[in-house]
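Asker: Here it is: the structure, laid out below.
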Amino acid sequence: MQSERYIAAADLGSSKIALSVAKIEGDDIQVIYYKETPSDGIRNSYVFNPKRAAGPLRAAIHEAEEELNIKILQVVVGLPRYDVRQEIASARMERSDPSSCISKDEIGTLKSIAIDSYPIADEAKEEIYGAVAQSFSADEELVCASENDVVGVTADAIEGNFKVFVGAQKAVSNIDIMLNEVGIAPARKLFLPNTVARAVLTEAEKENGVALVEIGAGVTSLTIYRGKILRHYSAIPFGGRSITTDIKYECGFNEQLAENIKLAFGACMPDKLQSLSEKIIQINDEENGSYEQLPIKYLSEVITCRAREIIEAVLWQIQDSGYADKLRNGVVLTGGGANLVNLANLLKEMSGYTVRIGYPRSQAFTATGCSGTSETSAVASIGMILEAKRDPRLNCLEEMPRPAAQASERAGQQADGGEPAPDSLFANDPAYEPEVLRPKQGPKKPQEAKAPGKLVTWIRKQSKKVGEAAEGAFDSTMGGLFDDMK
């Protein structure tokens, strides 16, 4: 096991690619790099154009390598959030030694059997993204037990029920093609609902029942926990970008301007804005010299219409899951869209649940001097690092020697009698031999005479001229003295 290793994670979003790098030392996680880059070729968290998607990822990785002076060999990536369906799978295993206690390795083997034996209609089009254990049974004494309860008991056989999440196989192969274009390998591909929950939710929330709603640019996903187990997952194909599109078409702006206005002045519930609703935004058009005015209240009304639609779809999914009356800890709202002003209040008003904004839990990692890691848009990246950290063999980077270290090494070589520095006056002269810098050795063997270098030849000529001039001056001076004496 390595004492120090590094993990690089890339969150492939519909509007951004969030690249993060963390240093792992034992149980300590230190995020040393985090930056978001506009994405391309990704729609609804699905890489539909690998070549276009590779460009921003390649630029983001190159920038991180230049800043940290490292070489990223592989990255942890997330699987698509949308177009994923959940199925029920079960498996049974007879134990070779009924008197021994059930171990976690046997639970893992049972899970693998359930995944391998699950019948996929078309393996060329679909793939299992992940599986989550729901309950276990050990003989007739223990029925519908959790994993913690079944590990350690003795039984002749063990049976488990799992929820299997199935998605498009092409979405996974497109990720491989994209990474191949960039020139790096996939370290792990993670099913994101579990990883986001690891970064945001507390153990008490998972135990008592909570709905985790992640609002991204292209996908809004719902993950329900109860009894510390993931019980339900679903997603809808619209999110924050849909709000931006509404502003774009309603006000006649381009997409970039609509996004900037949403981030700067966007809010739900215009009646709750107080004096801000009376403000008017003036947008200058530099091309034709005109300007437009956009009332904040009207902007809020446009945003609220789409936000209500998203919330209504999420509430319908909660009701359809069968856990609507079991969410004792209410709803946790996270993702980049969770920062919209009054969105949490609108969800609370429409649902009646308690609502809080889910930020990455700072107790799980440190990120001194690394901005952006405490925002809701970073939950997927932080979650992938927390999940990948559990694999002690995973190391994504290769640390390169820093320029300062190289300079020190070169200086050390010179002090030990190595080659002179390139900017030395006599560096290129073949007759130069730094005798003083060489270590003391025994008597030297006779060597053949070397031809003097150009610089030495020039110095010798100048010295000869100076000597001849000095000799002539001396003779004339002494001759004058003798004449005076006469």
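Going through the structure tokens in order, the chains are called A, B, and so on, while each chain numbers its residues from 1 and the ligands are numbered from 1 in the order shown.
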I'd like a table as a tab-separated table: residues in stretch 283-395 of chain A with an atom no more than 9 Å from stretch 30-52 of chain A, each row giving the shortest atom pair and its distance in Å to one decimal, only C-alpha atoms counted, sorted by chain and rising residue number.
Answerer:
residue	atom	partner	partner_atom	distance
A:Phe365	CA	A:Gln30	CA	5.9
A:Thr366	CA	A:Gln30	CA	4.8
A:Ala367	CA	A:Val31	CA	4.8
A:Thr368	CA	A:Ile32	CA	7.8
A:Gly369	CA	A:Ile32	CA	8.0
A:Cys370	CA	A:Tyr33	CA	6.1
A:Ser371	CA	A:Tyr34	CA	7.1
A:Gly372	CA	A:Tyr34	CA	6.7
A:Thr373	CA	A:Tyr34	CA	6.7
A:Ala378	CA	A:Tyr34	CA	8.6
A:Ser381	CA	A:Tyr34	CA	8.8
A:Ile382	CA	A:Val31	CA	8.6
A:Ile385	CA	A:Val31	CA	8.9
Asker: Please save all heavy atoms of the selected residues as a short mmCIF file (atom, residue, chain, number, x, y, z; two decimals), in the first residue's frame.
Answerer:
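Here's the written file selection09.cif:
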data_model
loop_
_atom_site.label_atom_id
_atom_site.label_comp_id
_atom_site.auth_asym_id
_atom_site.auth_seq_id
_atom_site.Cartn_x
_atom_site.Cartn_y
_atom_site.Cartn_z
N PHE A 365 -13.05 16.10 4.07
CA PHE A 365 -11.86 16.45 3.30
C PHE A 365 -11.39 17.84 3.70
O PHE A 365 -12.10 18.59 4.39
CB PHE A 365 -12.14 16.40 1.80
CG PHE A 365 -13.10 17.46 1.33
CD1 PHE A 365 -12.63 18.64 0.75
CD2 PHE A 365 -14.47 17.31 1.48
CE1 PHE A 365 -13.51 19.63 0.33
CE2 PHE A 365 -15.35 18.29 1.07
CZ PHE A 365 -14.87 19.44 0.49
N THR A 366 -10.19 18.20 3.25
CA THR A 366 -9.67 19.55 3.41
C THR A 366 -9.31 20.10 2.04
O THR A 366 -8.93 19.34 1.14
CB THR A 366 -8.42 19.56 4.30
OG1 THR A 366 -7.42 18.73 3.72
CG2 THR A 366 -8.75 19.08 5.71
N ALA A 367 -9.45 21.40 1.89
CA ALA A 367 -9.16 22.04 0.60
C ALA A 367 -8.64 23.45 0.85
O ALA A 367 -9.18 24.42 0.33
CB ALA A 367 -10.39 22.05 -0.28
N THR A 368 -7.59 23.57 1.63
CA THR A 368 -7.03 24.88 1.94
C THR A 368 -6.48 25.55 0.70
O THR A 368 -5.64 24.99 -0.01
CB THR A 368 -5.91 24.73 2.99
OG1 THR A 368 -6.41 24.02 4.13
CG2 THR A 368 -5.40 26.08 3.42
N GLY A 369 -6.99 26.76 0.43
CA GLY A 369 -6.52 27.52 -0.72
C GLY A 369 -7.05 27.03 -2.05
O GLY A 369 -6.59 27.49 -3.09
N CYS A 370 -8.00 26.11 -2.05
CA CYS A 370 -8.57 25.57 -3.29
C CYS A 370 -10.03 26.01 -3.37
O CYS A 370 -10.90 25.43 -2.71
CB CYS A 370 -8.46 24.05 -3.32
SG CYS A 370 -8.88 23.32 -4.89
N SER A 371 -10.32 27.05 -4.13
CA SER A 371 -11.66 27.63 -4.18
C SER A 371 -12.58 26.78 -5.02
O SER A 371 -12.16 26.07 -5.94
CB SER A 371 -11.60 29.05 -4.75
OG SER A 371 -11.10 29.03 -6.07
N GLY A 372 -13.88 26.85 -4.71
CA GLY A 372 -14.89 26.15 -5.48
C GLY A 372 -15.33 24.82 -4.91
O GLY A 372 -16.39 24.31 -5.27
N THR A 373 -14.54 24.23 -4.03
CA THR A 373 -14.87 22.91 -3.50
C THR A 373 -16.00 22.94 -2.48
O THR A 373 -16.55 21.89 -2.15
CB THR A 373 -13.64 22.27 -2.85
OG1 THR A 373 -13.12 23.16 -1.83
CG2 THR A 373 -12.56 22.01 -3.88
N ALA A 378 -19.89 21.33 -6.87
CA ALA A 378 -18.72 20.45 -6.74
C ALA A 378 -19.05 19.13 -6.07
O ALA A 378 -18.14 18.33 -5.83
CB ALA A 378 -17.62 21.16 -5.96
N SER A 381 -17.88 15.86 -7.99
CA SER A 381 -16.42 15.67 -8.00
C SER A 381 -15.91 15.22 -6.63
O SER A 381 -15.10 14.29 -6.54
CB SER A 381 -15.73 16.97 -8.42
OG SER A 381 -16.00 17.28 -9.76
N ILE A 382 -16.38 15.87 -5.58
CA ILE A 382 -15.95 15.48 -4.24
C ILE A 382 -16.42 14.08 -3.91
O ILE A 382 -15.69 13.27 -3.31
CB ILE A 382 -16.47 16.50 -3.20
CG1 ILE A 382 -15.91 17.91 -3.49
CG2 ILE A 382 -16.10 16.06 -1.79
CD1 ILE A 382 -14.42 18.00 -3.45
N ILE A 385 -14.19 11.48 -5.48
CA ILE A 385 -12.92 11.33 -4.76
C ILE A 385 -13.11 10.50 -3.50
O ILE A 385 -12.31 9.61 -3.18
CB ILE A 385 -12.33 12.71 -4.44
CG1 ILE A 385 -11.85 13.39 -5.73
CG2 ILE A 385 -11.18 12.61 -3.44
CD1 ILE A 385 -11.37 14.80 -5.54
#
Asker: Leaving out stretch 276-284 of chain A and any residue of its chain fewer than 4 positions from it, which residues lie within 7 Å of it when counting only C-alpha atoms, given as a compact mmCIF listing (two decimals) with C-alpha atoms, in the first residue's frame?
Answerer:
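Ended up saving to around_29.txt:
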# COMPACT_ATOMS: atom_id res chain seq x y z
CA PRO A 270 -41.20 37.42 -7.37
CA SER A 290 -29.40 50.46 -28.60
CA TYR A 291 -30.35 49.07 -25.20
CA GLU A 292 -33.10 46.94 -23.68
CA GLN A 293 -34.73 47.01 -20.28
CA LEU A 294 -35.66 43.88 -18.33
CA PRO A 295 -37.62 44.21 -15.07
CA ILE A 296 -36.37 41.88 -12.31
CA LYS A 297 -39.96 40.94 -11.46
Asker: Select from stretch 196-307 of chain A everything DSSP, run on the backbone, classes as helix (DSSP H, G or I), then give the selection as an NGL selection string.
Answerer: :A and (196-200 or 203-208 or 240-251 or 255-265 or 270-272 or 274-278 or 296-307)
Asker: So that I can check the surroundings of stretch 59-69 of chain A, please list as JSON, numbers by chain every protein, DNA and RNA residue that reaches within 12 Å of it, counting only C-alpha atoms and ignoring chain neighbours fewer than 3 positions away.
Answerer: {"A": [6, 8, 9, 10, 11, 12, 16, 17, 18, 19, 20, 21, 22, 23, 32, 33, 34, 35, 36, 37, 38, 39, 40, 52, 53, 54, 55, 56, 72, 73, 74, 75, 179, 182, 183, 184, 397, 398, 399, 400, 401, 402, 403, 404, 405]}
Asker: For those residues, write C-alpha atoms to a file as an mmCIF file, in the first residue's frame.
Answerer:
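The new file out-v3.cif reads:
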data_model
loop_
_atom_site.group_PDB
_atom_site.id
_atom_site.type_symbol
_atom_site.label_atom_id
_atom_site.label_comp_id
_atom_site.auth_asym_id
_atom_site.auth_seq_id
_atom_site.Cartn_x
_atom_site.Cartn_y
_atom_site.Cartn_z
ATOM 1 C CA TYR A 6 -3.328 11.003 -5.918
ATOM 2 C CA ALA A 8 -8.125 12.810 -10.324
ATOM 3 C CA ALA A 9 -11.888 12.993 -10.929
ATOM 4 C CA ALA A 10 -13.778 14.517 -13.862
ATOM 5 C CA ASP A 11 -17.480 15.348 -13.544
ATOM 6 C CA LEU A 12 -18.823 15.292 -17.119
ATOM 7 C CA LYS A 16 -19.307 22.119 -17.450
ATOM 8 C CA ILE A 17 -16.495 19.683 -16.802
ATOM 9 C CA ALA A 18 -15.333 19.883 -13.195
ATOM 10 C CA LEU A 19 -11.809 18.487 -12.767
ATOM 11 C CA SER A 20 -10.500 17.869 -9.263
ATOM 12 C CA VAL A 21 -7.247 16.415 -7.934
ATOM 13 C CA ALA A 22 -6.794 15.167 -4.379
ATOM 14 C CA LYS A 23 -3.818 13.898 -2.402
ATOM 15 C CA ILE A 32 -5.247 20.375 -4.145
ATOM 16 C CA TYR A 33 -6.946 21.384 -7.407
ATOM 17 C CA TYR A 34 -10.495 22.123 -8.567
ATOM 18 C CA LYS A 35 -11.626 24.003 -11.650
ATOM 19 C CA GLU A 36 -14.721 24.092 -13.854
ATOM 20 C CA THR A 37 -14.483 24.324 -17.656
ATOM 21 C CA PRO A 38 -17.375 24.780 -20.127
ATOM 22 C CA SER A 39 -18.164 21.409 -21.709
ATOM 23 C CA ASP A 40 -19.045 20.450 -25.262
ATOM 24 C CA ARG A 52 -16.070 17.382 -29.298
ATOM 25 C CA ALA A 53 -16.217 16.399 -25.627
ATOM 26 C CA ALA A 54 -12.520 15.488 -25.644
ATOM 27 C CA GLY A 55 -11.413 19.059 -26.443
ATOM 28 C CA PRO A 56 -12.479 20.779 -23.176
ATOM 29 C CA ILE A 72 -2.369 12.677 -15.090
ATOM 30 C CA LEU A 73 -2.420 9.083 -16.285
ATOM 31 C CA GLN A 74 -6.059 8.221 -15.562
ATOM 32 C CA VAL A 75 -9.240 9.813 -14.197
ATOM 33 C CA LEU A 179 -10.802 9.409 -22.918
ATOM 34 C CA VAL A 182 -7.556 12.748 -24.701
ATOM 35 C CA GLY A 183 -4.878 10.090 -24.166
ATOM 36 C CA ILE A 184 -5.714 8.982 -20.624
ATOM 37 C CA LEU A 397 -0.980 10.664 -11.223
ATOM 38 C CA GLU A 398 2.732 10.695 -11.779
ATOM 39 C CA GLU A 399 4.585 13.504 -10.025
ATOM 40 C CA MET A 400 7.113 15.290 -12.215
ATOM 41 C CA PRO A 401 10.377 16.946 -10.965
ATOM 42 C CA ARG A 402 9.911 20.650 -10.401
ATOM 43 C CA PRO A 403 12.142 23.233 -12.149
ATOM 44 C CA ALA A 404 13.598 24.376 -8.816
ATOM 45 C CA ALA A 405 14.563 20.822 -7.988
#
Asker: I'd like the contact shell of A:Ala344 - 10 Å cut-off, only C-alpha atoms, skipping same-chain residues fewer than 2 positions apart - returned as a VMD selection string.
Answerer: chain A and resid 268 331 to 334 338 to 342 346 to 350 354 to 357
Asker: Neighbours of stretch 154-165 of chain A within 6 Å (only C-alpha atoms; same-chain residues fewer than 5 positions away dropped), as a list in words?
Answerer: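 With the cut-off at 6 Å, the set is Arg85, Gln86, Glu87, Ile88, Ala89, Ser90, Ala91, Arg92, Met93, Glu94, Arg95, Pro98, Ser99, Ser100, Cys101, Ile128, Tyr129, Gly130, Ala131, Val132, Ala133, Gln134, Ser135, Phe136, Ser137, Ala138 and Asp139 of chain A.
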Asker: Restricting the output to N, CA and C atoms, write the selected residues as an mmCIF file, in the first residue's frame.
Answerer:
data_model
loop_
_atom_site.group_PDB
_atom_site.id
_atom_site.type_symbol
_atom_site.label_atom_id
_atom_site.label_comp_id
_atom_site.auth_asym_id
_atom_site.auth_seq_id
_atom_site.Cartn_x
_atom_site.Cartn_y
_atom_site.Cartn_z
ATOM 1 N N ARG A 85 -32.762 2.976 -15.682
ATOM 2 C CA ARG A 85 -33.916 2.344 -15.038
ATOM 3 C C ARG A 85 -33.444 1.386 -13.954
ATOM 4 N N GLN A 86 -34.287 1.178 -12.941
ATOM 5 C CA GLN A 86 -33.929 0.293 -11.837
ATOM 6 C C GLN A 86 -34.781 -0.978 -11.895
ATOM 7 N N GLU A 87 -34.132 -2.104 -11.660
ATOM 8 C CA GLU A 87 -34.776 -3.407 -11.683
ATOM 9 C C GLU A 87 -34.447 -4.154 -10.396
ATOM 10 N N ILE A 88 -35.219 -5.201 -10.123
ATOM 11 C CA ILE A 88 -35.012 -6.029 -8.939
ATOM 12 C C ILE A 88 -34.296 -7.302 -9.353
ATOM 13 N N ALA A 89 -33.227 -7.643 -8.634
ATOM 14 C CA ALA A 89 -32.479 -8.873 -8.883
ATOM 15 C C ALA A 89 -32.246 -9.579 -7.551
ATOM 16 N N SER A 90 -32.170 -10.888 -7.591
ATOM 17 C CA SER A 90 -31.947 -11.676 -6.381
ATOM 18 C C SER A 90 -30.957 -12.787 -6.676
ATOM 19 N N ALA A 91 -30.313 -13.285 -5.640
ATOM 20 C CA ALA A 91 -29.341 -14.374 -5.790
ATOM 21 C C ALA A 91 -29.310 -15.188 -4.498
ATOM 22 N N ARG A 92 -28.997 -16.468 -4.644
ATOM 23 C CA ARG A 92 -28.906 -17.375 -3.500
ATOM 24 C C ARG A 92 -27.607 -18.168 -3.613
ATOM 25 N N MET A 93 -26.946 -18.392 -2.482
ATOM 26 C CA MET A 93 -25.665 -19.087 -2.486
ATOM 27 C C MET A 93 -25.608 -20.063 -1.311
ATOM 28 N N GLU A 94 -25.348 -21.335 -1.626
ATOM 29 C CA GLU A 94 -25.141 -22.348 -0.593
ATOM 30 C C GLU A 94 -23.718 -22.232 -0.069
ATOM 31 N N ARG A 95 -23.567 -22.273 1.235
ATOM 32 C CA ARG A 95 -22.266 -22.082 1.849
ATOM 33 C C ARG A 95 -21.566 -23.419 2.050
ATOM 34 N N PRO A 98 -21.152 -24.224 6.750
ATOM 35 C CA PRO A 98 -22.253 -23.553 7.460
ATOM 36 C C PRO A 98 -21.904 -23.110 8.869
ATOM 37 N N SER A 99 -20.876 -23.714 9.490
ATOM 38 C CA SER A 99 -20.528 -23.349 10.855
ATOM 39 C C SER A 99 -19.699 -22.071 10.944
ATOM 40 N N SER A 100 -19.174 -21.611 9.816
ATOM 41 C CA SER A 100 -18.380 -20.378 9.814
ATOM 42 C C SER A 100 -19.288 -19.157 9.707
ATOM 43 N N CYS A 101 -18.750 -18.024 10.082
ATOM 44 C CA CYS A 101 -19.521 -16.772 10.051
ATOM 45 C C CYS A 101 -19.510 -16.180 8.642
ATOM 46 N N ILE A 128 -25.254 -2.863 -17.091
ATOM 47 C CA ILE A 128 -25.557 -2.619 -15.681
ATOM 48 C C ILE A 128 -24.581 -1.588 -15.136
ATOM 49 N N TYR A 129 -25.110 -0.450 -14.666
ATOM 50 C CA TYR A 129 -24.273 0.613 -14.111
ATOM 51 C C TYR A 129 -23.870 0.341 -12.664
ATOM 52 N N GLY A 130 -24.723 -0.335 -11.927
ATOM 53 C CA GLY A 130 -24.428 -0.598 -10.529
ATOM 54 C C GLY A 130 -25.548 -1.378 -9.877
ATOM 55 N N ALA A 131 -25.307 -1.828 -8.649
ATOM 56 C CA ALA A 131 -26.311 -2.570 -7.894
ATOM 57 C C ALA A 131 -26.183 -2.213 -6.422
ATOM 58 N N VAL A 132 -27.315 -2.132 -5.751
ATOM 59 C CA VAL A 132 -27.348 -1.771 -4.330
ATOM 60 C C VAL A 132 -28.136 -2.838 -3.584
ATOM 61 N N ALA A 133 -27.549 -3.395 -2.527
ATOM 62 C CA ALA A 133 -28.222 -4.420 -1.734
ATOM 63 C C ALA A 133 -29.394 -3.816 -0.969
ATOM 64 N N GLN A 134 -30.519 -4.498 -0.977
ATOM 65 C CA GLN A 134 -31.714 -4.037 -0.269
ATOM 66 C C GLN A 134 -31.950 -4.823 1.015
ATOM 67 N N SER A 135 -31.865 -6.143 0.955
ATOM 68 C CA SER A 135 -32.086 -6.975 2.143
ATOM 69 C C SER A 135 -31.437 -8.330 1.942
ATOM 70 N N PHE A 136 -31.209 -9.045 3.087
ATOM 71 C CA PHE A 136 -30.585 -10.368 3.067
ATOM 72 C C PHE A 136 -31.372 -11.310 3.973
ATOM 73 N N SER A 137 -31.265 -12.582 3.637
ATOM 74 C CA SER A 137 -31.880 -13.637 4.454
ATOM 75 C C SER A 137 -30.861 -14.746 4.647
ATOM 76 N N ALA A 138 -30.766 -15.245 5.871
ATOM 77 C CA ALA A 138 -29.864 -16.339 6.205
ATOM 78 C C ALA A 138 -30.689 -17.449 6.847
ATOM 79 N N ASP A 139 -30.949 -18.502 6.060
ATOM 80 C CA ASP A 139 -31.836 -19.592 6.478
ATOM 81 C C ASP A 139 -33.201 -19.023 6.834
#
Asker: Using only C-alpha atoms, which of A:Arg198, A:Pro80, A:Glu287, A:Leu343 sits nearest A:Ile175?
Answerer: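 Ranked by minimum distance to A:Ile175, first place goes to A:Pro80.
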Asker: What lies within 9 Å of stretch 119-127 of chain A using only C-alpha atoms, ignoring chain neighbours under 3 positions off, as a PyMOL selection string?
Answerer: chain A and resi 115-116+165-170+172
Asker: Please produce a file of those selected residues containing N, CA, C and O atoms, as a short mmCIF file (atom, residue, chain, number, x, y, z; two decimals), in the first residue's frame.
Answerer:
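The resulting file, selection_28.cif, is shown below:
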data_model
loop_
_atom_site.label_atom_id
_atom_site.label_comp_id
_atom_site.auth_asym_id
_atom_site.auth_seq_id
_atom_site.Cartn_x
_atom_site.Cartn_y
_atom_site.Cartn_z
N ILE A 115 -25.67 -9.72 -10.23
CA ILE A 115 -25.43 -8.89 -11.41
C ILE A 115 -25.21 -9.76 -12.65
O ILE A 115 -25.77 -9.50 -13.72
N ASP A 116 -24.40 -10.82 -12.49
CA ASP A 116 -24.09 -11.66 -13.63
C ASP A 116 -25.30 -12.46 -14.11
O ASP A 116 -25.41 -12.76 -15.32
N PHE A 165 -29.28 -1.13 -11.53
CA PHE A 165 -29.50 0.07 -12.35
C PHE A 165 -28.91 -0.17 -13.74
O PHE A 165 -27.71 -0.42 -13.88
N VAL A 166 -29.78 -0.11 -14.74
CA VAL A 166 -29.41 -0.46 -16.11
C VAL A 166 -29.47 0.80 -16.98
O VAL A 166 -30.43 1.58 -16.90
N GLY A 167 -28.42 1.00 -17.80
CA GLY A 167 -28.38 2.15 -18.69
C GLY A 167 -27.87 1.76 -20.06
O GLY A 167 -27.61 0.58 -20.35
N ALA A 168 -27.70 2.75 -20.91
CA ALA A 168 -27.28 2.51 -22.29
C ALA A 168 -25.80 2.13 -22.35
O ALA A 168 -24.96 2.78 -21.72
N GLN A 169 -25.50 1.10 -23.12
CA GLN A 169 -24.12 0.66 -23.27
C GLN A 169 -23.31 1.65 -24.11
O GLN A 169 -22.12 1.84 -23.88
N LYS A 170 -23.96 2.29 -25.08
CA LYS A 170 -23.26 3.24 -25.94
C LYS A 170 -22.74 4.43 -25.14
O LYS A 170 -21.70 5.01 -25.47
N VAL A 172 -21.49 4.36 -22.20
CA VAL A 172 -20.23 3.95 -21.58
C VAL A 172 -19.12 3.88 -22.61
O VAL A 172 -17.99 4.34 -22.36
#
Asker: Provide the atom CA of A:Asn208 to atom CA of A:Ile229 distance in Å, to one decimal place.
Answerer: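 The value is 10.4 Å.
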Asker: I'd like the contact shell of A:Glu259 - 10 Å cut-off, only C-alpha atoms, skipping same-chain residues fewer than 6 positions apart - returned as JSON, numbers by chain.
Answerer: {"A": [240, 241, 243, 244, 245, 247, 248, 253, 266]}
